[in-house]
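*Asks:* One structure, as structure tokens, below. Some questions next.
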Amino acid sequence: MTVVKDTGQRAILPPFGEEHEELRETVRRFVQKEIAPNVDEWEEAREFPLELYGRCAELGFLGLKFPEEYGGQGGTHLHDAVWVEELARSGGSGGVAAGLNAHASIAMPPIFNFGTEEQKQRWLVPGIAGKKIGALGITEPGAGSDVAGITTFAKKVDGGYVVNGSKTFITNGVRADFLVCACKTTQEGGHGGISFLVLEREMPGYEVAAKLEKLGWHASDTGELSFTDVEVPEENLLGEENEGFKLIMANFAWERLLMAIGAVGAMQRLIERAVEYAKERKAFGRPIGNFQVIRHKVAEMATQAEAAKAVTYNALRLFHEGQNCLQEVTIAKLVTQRGVLDIADECLQIHGGYGYMREYGIERAVRDARLGPIGGGTDEIMKEILGKQLGL
Ligand SMILES: Cc1cc2nc3c(=O)[nH]c(=O)nc-3n(C[C@H](O)[C@H](O)[C@H](O)COP(=O)(O)OP(=O)(O)OC[C@H]3O[C@@H](n4cnc5c(N)ncnc54)[C@H](O)[C@@H]3O)c2cc1C
């Protein structure tokens, strides 16, 4: 029998099943009640309260994919995907989603995947409990797309490392208690000379140099960090020395997929808003949705969103099955990040002048969506990866 759920789709779409849809409804209720009403205030404040991590932890959302022995829910990436999609669909703030997910889905996975038992106890357990906040530090003022070109240097000394350098555009960079940080550990650096160290905020020489002002994602903090002779003990080395590039690549797959899933949720929200407005708003004596050009615009938005969802769910299914899905994830990121920007822009157009006004939240969607083709690897880099995958 086909199970019909009130989730905006006629039947549950693979790879999701009944339990994921139950989680979806729980997340939706929480986001609608405890996040959405506060978004304007948090955007204005340029951050959401730290207590939100604790609240999400209490409800189990920060640990969905982590084992119960570390305080997680013992679920899979599919549970995390539901959380991310629904947060984007019902929350309406790229900044809130970015701040929560940079911690739960970008900074913590390398600790779980590559950390020792002791490291998991130090950062994963309090991270899942929402008591310590994490960030991932790869990008530097002089190296973004060219990840191998980072220059932050960790000099090997007795008992550990001394780190000098800087990181920029780091989501949660201001509030993070710990930073999963890419450093050069050989003079040459590059693919065979990068390692990950966990830097902690209270370490002498670790400084938050700036909280950056930006176009969108206003409710998340984005920090610039500087490191001057930061002494990092060897027990803070994550994974093998000089094998950090593997960790970067492992992380990118999930980060890009999450961005695609978030965009799928945001597209759904924008289309619903466009339809609602087109039914309400009258011009020339009738609802604007009666104009063929508006109906066609919405139809095109829905077509684009459905295609993006199909591509993304397929990549998610392959990822969940442990298959090599570099090509599919890359395509999903490319399709969805431009797609949600286009759809947000069309939704704004349908709202006319009201779309341009802050209170409707559509201008925020456009600003937030603009990061997609840049963050987590730019569209140009995605096309490079894809071209190479296709044998060129
Ligand atoms: C709000 C925000 C949050 C972020 N959060 C984080 C975070 O938490 N952690 C983190 O480590 N980073 C983070 N980033 C950084 C983000 O991942 C980088 O901005 C991104 O990887 C691009 O790097 P870049 O900005 O240095 O651009 P550049 O690498 O300087 O690229 C500039 C332009 O040149 C193009 N280009 C570069 N190389 C090539 C090439 N080989 N072929 C064709 N075109 C090329 C790019 O596509 C782009 O259009 C964040 C960025 C922002 C804006």
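Residue numbering restarts at 1 in every chain; chains get A, B, ... in the order shown in the structure tokens, and ligands count up from 1 in that same order.
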Could you list, as a CSV table (one decimal) with all heavy atoms, in the first residue's frame, all protein and nucleic acid residues with an atom at most 6 Å from ligand 1, counting only C-alpha atoms and all ligand atoms?

*Replies:*
chain,number,residue,atom,x,y,z
A,136,LEU,N,35.1,23.9,11.0
A,136,LEU,CA,36.1,23.3,10.2
A,136,LEU,C,36.9,24.4,9.5
A,136,LEU,O,36.3,25.3,8.9
A,136,LEU,CB,35.4,22.4,9.1
A,136,LEU,CG,36.3,21.8,8.1
A,136,LEU,CD1,37.1,20.6,8.8
A,136,LEU,CD2,35.6,21.2,6.9
A,137,GLY,N,38.2,24.4,9.6
A,137,GLY,CA,39.0,25.4,9.1
A,137,GLY,C,39.9,25.0,8.0
A,137,GLY,O,40.9,24.3,8.2
A,138,ILE,N,39.5,25.2,6.8
A,138,ILE,CA,40.4,24.9,5.6
A,138,ILE,C,40.8,26.2,4.9
A,138,ILE,O,42.0,26.4,4.7
A,138,ILE,CB,39.6,23.9,4.7
A,138,ILE,CG1,39.3,22.6,5.4
A,138,ILE,CG2,40.5,23.6,3.4
A,138,ILE,CD1,38.5,21.6,4.6
A,139,THR,N,39.8,27.0,4.5
A,139,THR,CA,40.1,28.2,3.7
A,139,THR,C,41.0,29.2,4.4
A,139,THR,O,40.8,29.5,5.6
A,139,THR,CB,38.7,28.9,3.3
A,139,THR,OG1,37.8,27.9,2.8
A,139,THR,CG2,38.9,30.0,2.3
A,143,ALA,N,44.2,31.0,0.0
A,143,ALA,CA,43.9,29.7,-0.6
A,143,ALA,C,42.5,29.3,-0.3
A,143,ALA,O,42.2,29.0,0.9
A,143,ALA,CB,44.9,28.7,-0.1
A,144,GLY,N,41.6,29.2,-1.3
A,144,GLY,CA,40.3,28.8,-1.1
A,144,GLY,C,40.1,27.5,-2.0
A,144,GLY,O,40.2,26.4,-1.5
A,145,SER,N,39.8,27.7,-3.3
A,145,SER,CA,39.6,26.6,-4.2
A,145,SER,C,40.9,25.7,-4.2
A,145,SER,O,40.8,24.5,-4.3
A,145,SER,CB,39.4,27.1,-5.6
A,145,SER,OG,38.3,27.9,-5.7
A,146,ASP,N,42.0,26.4,-4.2
A,146,ASP,CA,43.3,25.6,-4.2
A,146,ASP,C,43.7,25.2,-2.8
A,146,ASP,O,44.6,25.7,-2.1
A,146,ASP,CB,44.4,26.6,-4.7
A,146,ASP,CG,45.8,25.9,-4.8
A,146,ASP,OD1,45.8,24.7,-4.7
A,146,ASP,OD2,46.8,26.6,-5.0
A,169,PHE,N,36.8,33.1,6.5
A,169,PHE,CA,35.4,32.6,6.1
A,169,PHE,C,35.0,31.4,6.9
A,169,PHE,O,34.2,30.5,6.3
A,169,PHE,CB,35.3,32.3,4.6
A,169,PHE,CG,35.8,33.3,3.6
A,169,PHE,CD1,36.4,33.0,2.4
A,169,PHE,CD2,35.7,34.7,3.9
A,169,PHE,CE1,36.8,33.9,1.5
A,169,PHE,CE2,36.1,35.6,3.0
A,169,PHE,CZ,36.6,35.3,1.8
A,170,ILE,N,35.4,31.3,8.1
A,170,ILE,CA,35.1,30.0,8.9
A,170,ILE,C,33.7,30.2,9.6
A,170,ILE,O,33.5,31.0,10.5
A,170,ILE,CB,36.2,29.7,9.9
A,170,ILE,CG1,37.6,29.6,9.2
A,170,ILE,CG2,35.9,28.4,10.6
A,170,ILE,CD1,37.6,28.7,8.0
A,171,THR,N,32.8,29.3,9.1
A,171,THR,CA,31.4,29.3,9.8
A,171,THR,C,31.6,28.8,11.2
A,171,THR,O,32.2,27.8,11.4
A,171,THR,CB,30.5,28.4,9.0
A,171,THR,OG1,30.5,28.8,7.6
A,171,THR,CG2,29.1,28.4,9.5
A,374,ILE,N,29.4,29.1,-4.5
A,374,ILE,CA,30.7,29.5,-4.0
A,374,ILE,C,31.2,28.5,-2.9
A,374,ILE,O,32.3,27.9,-3.0
A,374,ILE,CB,30.8,30.9,-3.5
A,374,ILE,CG1,30.4,31.9,-4.6
A,374,ILE,CG2,32.2,31.3,-2.9
A,374,ILE,CD1,30.2,33.4,-4.1
A,375,GLY,N,30.4,28.4,-1.9
A,375,GLY,CA,30.8,27.6,-0.7
A,375,GLY,C,30.9,26.1,-1.0
A,375,GLY,O,30.3,25.6,-1.9
A,376,GLY,N,31.8,25.5,-0.2
A,376,GLY,CA,32.0,24.0,-0.3
A,376,GLY,C,32.6,23.6,-1.7
A,376,GLY,O,32.4,22.4,-2.1
A,377,GLY,N,33.2,24.5,-2.4
A,377,GLY,CA,33.7,24.2,-3.7
A,377,GLY,C,32.9,25.0,-4.7
A,377,GLY,O,31.7,24.8,-4.8
A,378,THR,N,33.5,25.9,-5.5
A,378,THR,CA,32.7,26.7,-6.4
A,378,THR,C,32.2,25.9,-7.6
A,378,THR,O,32.7,24.8,-7.9
A,378,THR,CB,33.6,27.8,-7.0
A,378,THR,OG1,34.6,27.2,-7.8
A,378,THR,CG2,34.3,28.7,-5.9
A,380,GLU,N,32.8,26.4,-10.6
A,380,GLU,CA,33.8,26.2,-11.6
A,380,GLU,C,34.7,25.0,-11.2
A,380,GLU,O,35.0,24.2,-12.1
A,380,GLU,CB,34.8,27.5,-11.7
A,380,GLU,CG,34.1,28.7,-12.3
A,380,GLU,CD,33.1,29.4,-11.4
A,380,GLU,OE1,33.1,29.2,-10.2
A,380,GLU,OE2,32.3,30.2,-11.9
A,381,ILE,N,34.9,24.9,-9.9
A,381,ILE,CA,35.7,23.7,-9.4
A,381,ILE,C,34.8,22.4,-9.6
A,381,ILE,O,35.4,21.4,-10.0
A,381,ILE,CB,36.1,23.9,-8.0
A,381,ILE,CG1,37.1,25.1,-7.9
A,381,ILE,CG2,36.7,22.6,-7.4
A,381,ILE,CD1,38.4,25.0,-8.6

*Asks:* Using DSSP on the backbone coordinates, identify all residues within stretch 294-384 of chain A classified as alpha helix (DSSP H); present the result as a VMD selection string.

*Replies:* chain A and resid 294 to 320 326 to 350 352 to 356 362 to 369 379 to 384

*Asks:* With the cut-off set at 12 Å and counting only C-alpha atoms, tabulate each residue of stretch 60-167 of chain A with an atom at most that distance from an atom of stretch 331-341 of chain A, showing the nearest atom pair and its distance in Å to one decimal, ordered by chain and increasing number, as a Markdown table.

*Replies:*
| residue | atom | partner | partner_atom | distance |
| --- | --- | --- | --- | --- |
| A:Ala88 | CA | A:Val340 | CA | 11.4 |
| A:Arg89 | CA | A:Val340 | CA | 11.8 |
| A:Gly94 | CA | A:Val340 | CA | 12.0 |

*Asks:* Distance table requested - stretch 137-189 of chain A against stretch 46-57 of chain A, cut-off 12 Å, only C-alpha atoms: one row per qualifying residue with the closest atom pair and its distance in Å to one decimal, ordered by chain and rising residue number, as JSON lines.

*Replies:*
{"residue": "A:Thr171", "atom": "CA", "partner": "A:Glu47", "partner_atom": "CA", "distance": 11.2}
{"residue": "A:Asn172", "atom": "CA", "partner": "A:Glu47", "partner_atom": "CA", "distance": 9.6}
{"residue": "A:Gly173", "atom": "CA", "partner": "A:Glu47", "partner_atom": "CA", "distance": 11.8}
{"residue": "A:Val174", "atom": "CA", "partner": "A:Glu47", "partner_atom": "CA", "distance": 10.2}
{"residue": "A:Arg175", "atom": "CA", "partner": "A:Leu50", "partner_atom": "CA", "distance": 8.5}
{"residue": "A:Ala176", "atom": "CA", "partner": "A:Leu50", "partner_atom": "CA", "distance": 10.4}
{"residue": "A:Asp177", "atom": "CA", "partner": "A:Leu50", "partner_atom": "CA", "distance": 11.7}

*Asks:* Save out the residues we just selected, N, CA, C and O atoms, as a PDB file, in the first residue's frame.

*Replies:*
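Final output, again-v8.pdb:
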ATOM      1  N   THR A 171      32.776  29.321   9.137  1.00  0.00           N
ATOM      2  CA  THR A 171      31.444  29.309   9.754  1.00  0.00           C
ATOM      3  C   THR A 171      31.579  28.823  11.193  1.00  0.00           C
ATOM      4  O   THR A 171      32.230  27.792  11.433  1.00  0.00           O
ATOM      5  N   ASN A 172      31.005  29.549  12.130  1.00  0.00           N
ATOM      6  CA  ASN A 172      31.148  29.320  13.583  1.00  0.00           C
ATOM      7  C   ASN A 172      32.531  29.715  14.078  1.00  0.00           C
ATOM      8  O   ASN A 172      32.893  29.410  15.227  1.00  0.00           O
ATOM      9  N   GLY A 173      33.307  30.388  13.241  1.00  0.00           N
ATOM     10  CA  GLY A 173      34.685  30.732  13.612  1.00  0.00           C
ATOM     11  C   GLY A 173      34.774  31.558  14.889  1.00  0.00           C
ATOM     12  O   GLY A 173      35.735  31.428  15.641  1.00  0.00           O
ATOM     13  N   VAL A 174      33.754  32.379  15.141  1.00  0.00           N
ATOM     14  CA  VAL A 174      33.815  33.240  16.323  1.00  0.00           C
ATOM     15  C   VAL A 174      33.455  32.451  17.585  1.00  0.00           C
ATOM     16  O   VAL A 174      34.089  32.594  18.624  1.00  0.00           O
ATOM     17  N   ARG A 175      32.448  31.603  17.481  1.00  0.00           N
ATOM     18  CA  ARG A 175      31.951  30.940  18.688  1.00  0.00           C
ATOM     19  C   ARG A 175      32.530  29.537  18.919  1.00  0.00           C
ATOM     20  O   ARG A 175      32.285  28.953  19.980  1.00  0.00           O
ATOM     21  N   ALA A 176      33.288  29.020  17.964  1.00  0.00           N
ATOM     22  CA  ALA A 176      33.727  27.620  18.076  1.00  0.00           C
ATOM     23  C   ALA A 176      34.657  27.408  19.273  1.00  0.00           C
ATOM     24  O   ALA A 176      35.584  28.176  19.492  1.00  0.00           O
ATOM     25  N   ASP A 177      34.395  26.330  20.009  1.00  0.00           N
ATOM     26  CA  ASP A 177      35.308  25.924  21.083  1.00  0.00           C
ATOM     27  C   ASP A 177      36.482  25.159  20.512  1.00  0.00           C
ATOM     28  O   ASP A 177      37.564  25.171  21.071  1.00  0.00           O
TER      29      ASP A 177
END

*Asks:* Name the residues in contact with A:Ser93 at a cut-off of 12 Å, using only C-alpha atoms, excluding same-chain residues fewer than 6 positions from it; report them as an MDAnalysis selection string.

*Replies:* chainID A and resid 31:32 35:44 46:48 84 86:87 99:100 216:220 262:263 265:266 269 361:369

*Asks:* Those residues you just picked out, can you put them in a file as a short mmCIF file (atom, residue, chain, number, x, y, z; two decimals), in the first residue's frame with C-alpha atoms?

*Replies:*
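File produced: part_27.cif:
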data_model
loop_
_atom_site.label_atom_id
_atom_site.label_comp_id
_atom_site.auth_asym_id
_atom_site.auth_seq_id
_atom_site.Cartn_x
_atom_site.Cartn_y
_atom_site.Cartn_z
CA VAL A 31 11.50 24.27 13.39
CA GLN A 32 8.12 25.95 12.89
CA ILE A 35 13.19 28.51 15.00
CA ALA A 36 11.04 30.22 12.35
CA PRO A 37 9.42 32.78 14.70
CA ASN A 38 12.86 33.95 15.89
CA VAL A 39 14.70 34.10 12.60
CA ASP A 40 14.22 37.85 11.98
CA GLU A 41 15.62 38.70 15.40
CA TRP A 42 18.59 36.35 15.01
CA GLU A 43 19.37 37.65 11.53
CA GLU A 44 19.36 41.19 12.93
CA ARG A 46 24.00 38.47 13.35
CA GLU A 47 23.89 35.27 15.40
CA PHE A 48 21.47 32.83 16.95
CA VAL A 84 18.88 19.32 6.88
CA GLU A 86 13.40 20.17 6.75
CA LEU A 87 15.47 22.85 8.49
CA GLY A 99 25.65 27.49 12.07
CA LEU A 100 23.99 24.28 13.27
CA GLY A 216 23.62 36.54 3.39
CA TRP A 217 23.66 33.84 6.10
CA HIS A 218 23.32 36.69 8.60
CA ALA A 219 22.32 34.53 11.55
CA SER A 220 25.59 32.58 11.38
CA GLY A 262 19.29 21.97 1.92
CA ALA A 263 18.66 23.57 -1.47
CA GLY A 265 14.20 21.96 1.01
CA ALA A 266 14.55 25.68 0.27
CA ARG A 269 9.52 26.45 0.52
CA GLY A 361 11.77 36.89 3.86
CA ILE A 362 12.15 36.40 0.09
CA GLU A 363 15.02 38.86 -0.28
CA ARG A 364 16.78 36.86 2.45
CA ALA A 365 16.30 33.67 0.45
CA VAL A 366 17.98 35.29 -2.57
CA ARG A 367 20.89 36.57 -0.48
CA ASP A 368 21.30 33.24 1.31
CA ALA A 369 21.16 31.24 -1.91
#

*Asks:* Give me the residues within 12 Å of A:Gln268 as a ChimeraX atom specification, counting only C-alpha atoms and dropping any in the same chain fewer than 2 places off.

*Replies:* /A:7-9,85-92,261-266,270-275,298,301-306,308-309,336,339-340,343-344,347

*Asks:* Could you list, with a cut-off of 7 Å and counting only C-alpha atoms, the residues of stretch 239-337 of chain A near stretch 102-125 of chain A, each shown with its nearest atom pair and the distance in Å rounded to one decimal, rows sorted by chain and ascending number, as JSON lines?

*Replies:*
{"residue": "A:Gly239", "atom": "CA", "partner": "A:Phe114", "partner_atom": "CA", "distance": 5.0}
{"residue": "A:Leu247", "atom": "CA", "partner": "A:Pro110", "partner_atom": "CA", "distance": 6.9}
{"residue": "A:Asn251", "atom": "CA", "partner": "A:Ile106", "partner_atom": "CA", "distance": 6.9}
{"residue": "A:Glu255", "atom": "CA", "partner": "A:Ile106", "partner_atom": "CA", "distance": 6.4}

*Asks:* Enumerate, as a PyMOL selection string, the complete set of residues in stretch 205-377 of chain A that a backbone-based DSSP assignment places in strand (DSSP E).

*Replies:* chain A and resi 206-211+222-233+237-238+282-283+286-287

*Asks:* With only C-alpha atoms as the atoms that count, which of A:Leu237, A:Ile350, A:Leu318, A:Val329 lies nearest to A:Val293?

*Replies:*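 Of all the options, A:Ile350 lies closest to A:Val293.
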
*Asks:* Could you tell me which of A:Gly205, A:Pro233, A:Gly60, A:Gly244 comes closest to A:Val147 if we count only C-alpha atoms?

*Replies:*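 The closest residue to A:Val147 is A:Gly244.
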
*Asks:* For atom CA of A:Gln187 and atom CA of A:Thr152, determine how far apart the two atoms are, in Å to one decimal place.

*Replies:* 10.6 Å

*Asks:* Any idea what's packed within 8 Å of stretch 182-186 of chain A, counting only C-alpha atoms, ignoring anything in its chain fewer than 5 positions away? Could you give it as a list in words?

*Replies:*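 The contact residues come out as Gly137, Ile138, Ile150, Thr151, Thr152, Phe153, Ala154, Lys155, Lys156, Val163, Gly193, Ile194, Ser195, Phe196, Leu197, Glu241, Asn242 and Gly244 of chain A.
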
*Asks:* Would you export the selected residues with N, CA, C and O atoms as a PDB file, in the first residue's frame, please?

*Replies:*
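Produced file again_13.pdb, reproduced below:
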ATOM      1  N   GLY A 137      38.162  24.379   9.644  1.00  0.00           N
ATOM      2  CA  GLY A 137      39.000  25.449   9.093  1.00  0.00           C
ATOM      3  C   GLY A 137      39.906  24.958   7.983  1.00  0.00           C
ATOM      4  O   GLY A 137      40.935  24.314   8.250  1.00  0.00           O
ATOM      5  N   ILE A 138      39.502  25.245   6.760  1.00  0.00           N
ATOM      6  CA  ILE A 138      40.357  24.896   5.619  1.00  0.00           C
ATOM      7  C   ILE A 138      40.767  26.177   4.894  1.00  0.00           C
ATOM      8  O   ILE A 138      41.950  26.433   4.683  1.00  0.00           O
ATOM      9  N   ILE A 150      47.301  25.812   0.905  1.00  0.00           N
ATOM     10  CA  ILE A 150      47.258  26.455   2.228  1.00  0.00           C
ATOM     11  C   ILE A 150      48.678  26.641   2.770  1.00  0.00           C
ATOM     12  O   ILE A 150      49.589  25.862   2.454  1.00  0.00           O
ATOM     13  N   THR A 151      48.846  27.690   3.596  1.00  0.00           N
ATOM     14  CA  THR A 151      50.198  27.962   4.119  1.00  0.00           C
ATOM     15  C   THR A 151      50.282  27.916   5.647  1.00  0.00           C
ATOM     16  O   THR A 151      51.377  28.027   6.198  1.00  0.00           O
ATOM     17  N   THR A 152      49.142  27.806   6.339  1.00  0.00           N
ATOM     18  CA  THR A 152      49.214  27.670   7.807  1.00  0.00           C
ATOM     19  C   THR A 152      50.113  26.478   8.118  1.00  0.00           C
ATOM     20  O   THR A 152      49.885  25.368   7.624  1.00  0.00           O
ATOM     21  N   PHE A 153      51.138  26.753   8.930  1.00  0.00           N
ATOM     22  CA  PHE A 153      52.181  25.739   9.096  1.00  0.00           C
ATOM     23  C   PHE A 153      52.220  25.222  10.530  1.00  0.00           C
ATOM     24  O   PHE A 153      52.223  26.000  11.487  1.00  0.00           O
ATOM     25  N   ALA A 154      52.238  23.913  10.664  1.00  0.00           N
ATOM     26  CA  ALA A 154      52.376  23.279  11.977  1.00  0.00           C
ATOM     27  C   ALA A 154      53.779  22.672  12.040  1.00  0.00           C
ATOM     28  O   ALA A 154      54.052  21.655  11.390  1.00  0.00           O
ATOM     29  N   LYS A 155      54.636  23.329  12.809  1.00  0.00           N
ATOM     30  CA  LYS A 155      56.026  22.863  12.907  1.00  0.00           C
ATOM     31  C   LYS A 155      56.118  21.798  13.983  1.00  0.00           C
ATOM     32  O   LYS A 155      55.638  21.989  15.102  1.00  0.00           O
ATOM     33  N   LYS A 156      56.733  20.683  13.621  1.00  0.00           N
ATOM     34  CA  LYS A 156      56.838  19.575  14.572  1.00  0.00           C
ATOM     35  C   LYS A 156      57.846  19.938  15.655  1.00  0.00           C
ATOM     36  O   LYS A 156      58.962  20.376  15.353  1.00  0.00           O
ATOM     37  N   VAL A 163      51.858  26.095  15.738  1.00  0.00           N
ATOM     38  CA  VAL A 163      51.104  26.483  14.540  1.00  0.00           C
ATOM     39  C   VAL A 163      51.137  28.003  14.342  1.00  0.00           C
ATOM     40  O   VAL A 163      50.884  28.767  15.280  1.00  0.00           O
ATOM     41  N   GLY A 193      51.335  16.691   2.172  1.00  0.00           N
ATOM     42  CA  GLY A 193      51.960  17.387   3.310  1.00  0.00           C
ATOM     43  C   GLY A 193      50.988  18.185   4.144  1.00  0.00           C
ATOM     44  O   GLY A 193      51.369  19.169   4.779  1.00  0.00           O
ATOM     45  N   ILE A 194      49.725  17.740   4.160  1.00  0.00           N
ATOM     46  CA  ILE A 194      48.711  18.438   4.973  1.00  0.00           C
ATOM     47  C   ILE A 194      48.225  17.485   6.067  1.00  0.00           C
ATOM     48  O   ILE A 194      48.011  16.292   5.820  1.00  0.00           O
ATOM     49  N   SER A 195      48.065  18.032   7.268  1.00  0.00           N
ATOM     50  CA  SER A 195      47.524  17.239   8.379  1.00  0.00           C
ATOM     51  C   SER A 195      46.426  18.043   9.063  1.00  0.00           C
ATOM     52  O   SER A 195      46.357  19.263   8.906  1.00  0.00           O
ATOM     53  N   PHE A 196      45.598  17.355   9.828  1.00  0.00           N
ATOM     54  CA  PHE A 196      44.558  18.051  10.594  1.00  0.00           C
ATOM     55  C   PHE A 196      44.907  18.045  12.075  1.00  0.00           C
ATOM     56  O   PHE A 196      45.242  17.002  12.641  1.00  0.00           O
ATOM     57  N   LEU A 197      44.827  19.230  12.666  1.00  0.00           N
ATOM     58  CA  LEU A 197      45.016  19.360  14.110  1.00  0.00           C
ATOM     59  C   LEU A 197      43.742  19.958  14.683  1.00  0.00           C
ATOM     60  O   LEU A 197      43.100  20.778  14.014  1.00  0.00           O
ATOM     61  N   GLU A 241      49.507  11.759  10.249  1.00  0.00           N
ATOM     62  CA  GLU A 241      50.242  12.942   9.809  1.00  0.00           C
ATOM     63  C   GLU A 241      50.450  12.877   8.290  1.00  0.00           C
ATOM     64  O   GLU A 241      50.724  11.805   7.740  1.00  0.00           O
ATOM     65  N   ASN A 242      50.290  14.014   7.636  1.00  0.00           N
ATOM     66  CA  ASN A 242      50.457  14.179   6.179  1.00  0.00           C
ATOM     67  C   ASN A 242      49.390  13.467   5.331  1.00  0.00           C
ATOM     68  O   ASN A 242      49.517  13.351   4.124  1.00  0.00           O
ATOM     69  N   GLY A 244      46.159  14.396   5.583  1.00  0.00           N
ATOM     70  CA  GLY A 244      44.987  15.248   5.762  1.00  0.00           C
ATOM     71  C   GLY A 244      44.158  15.443   4.506  1.00  0.00           C
ATOM     72  O   GLY A 244      42.965  15.723   4.577  1.00  0.00           O
TER      73      GLY A 244
END
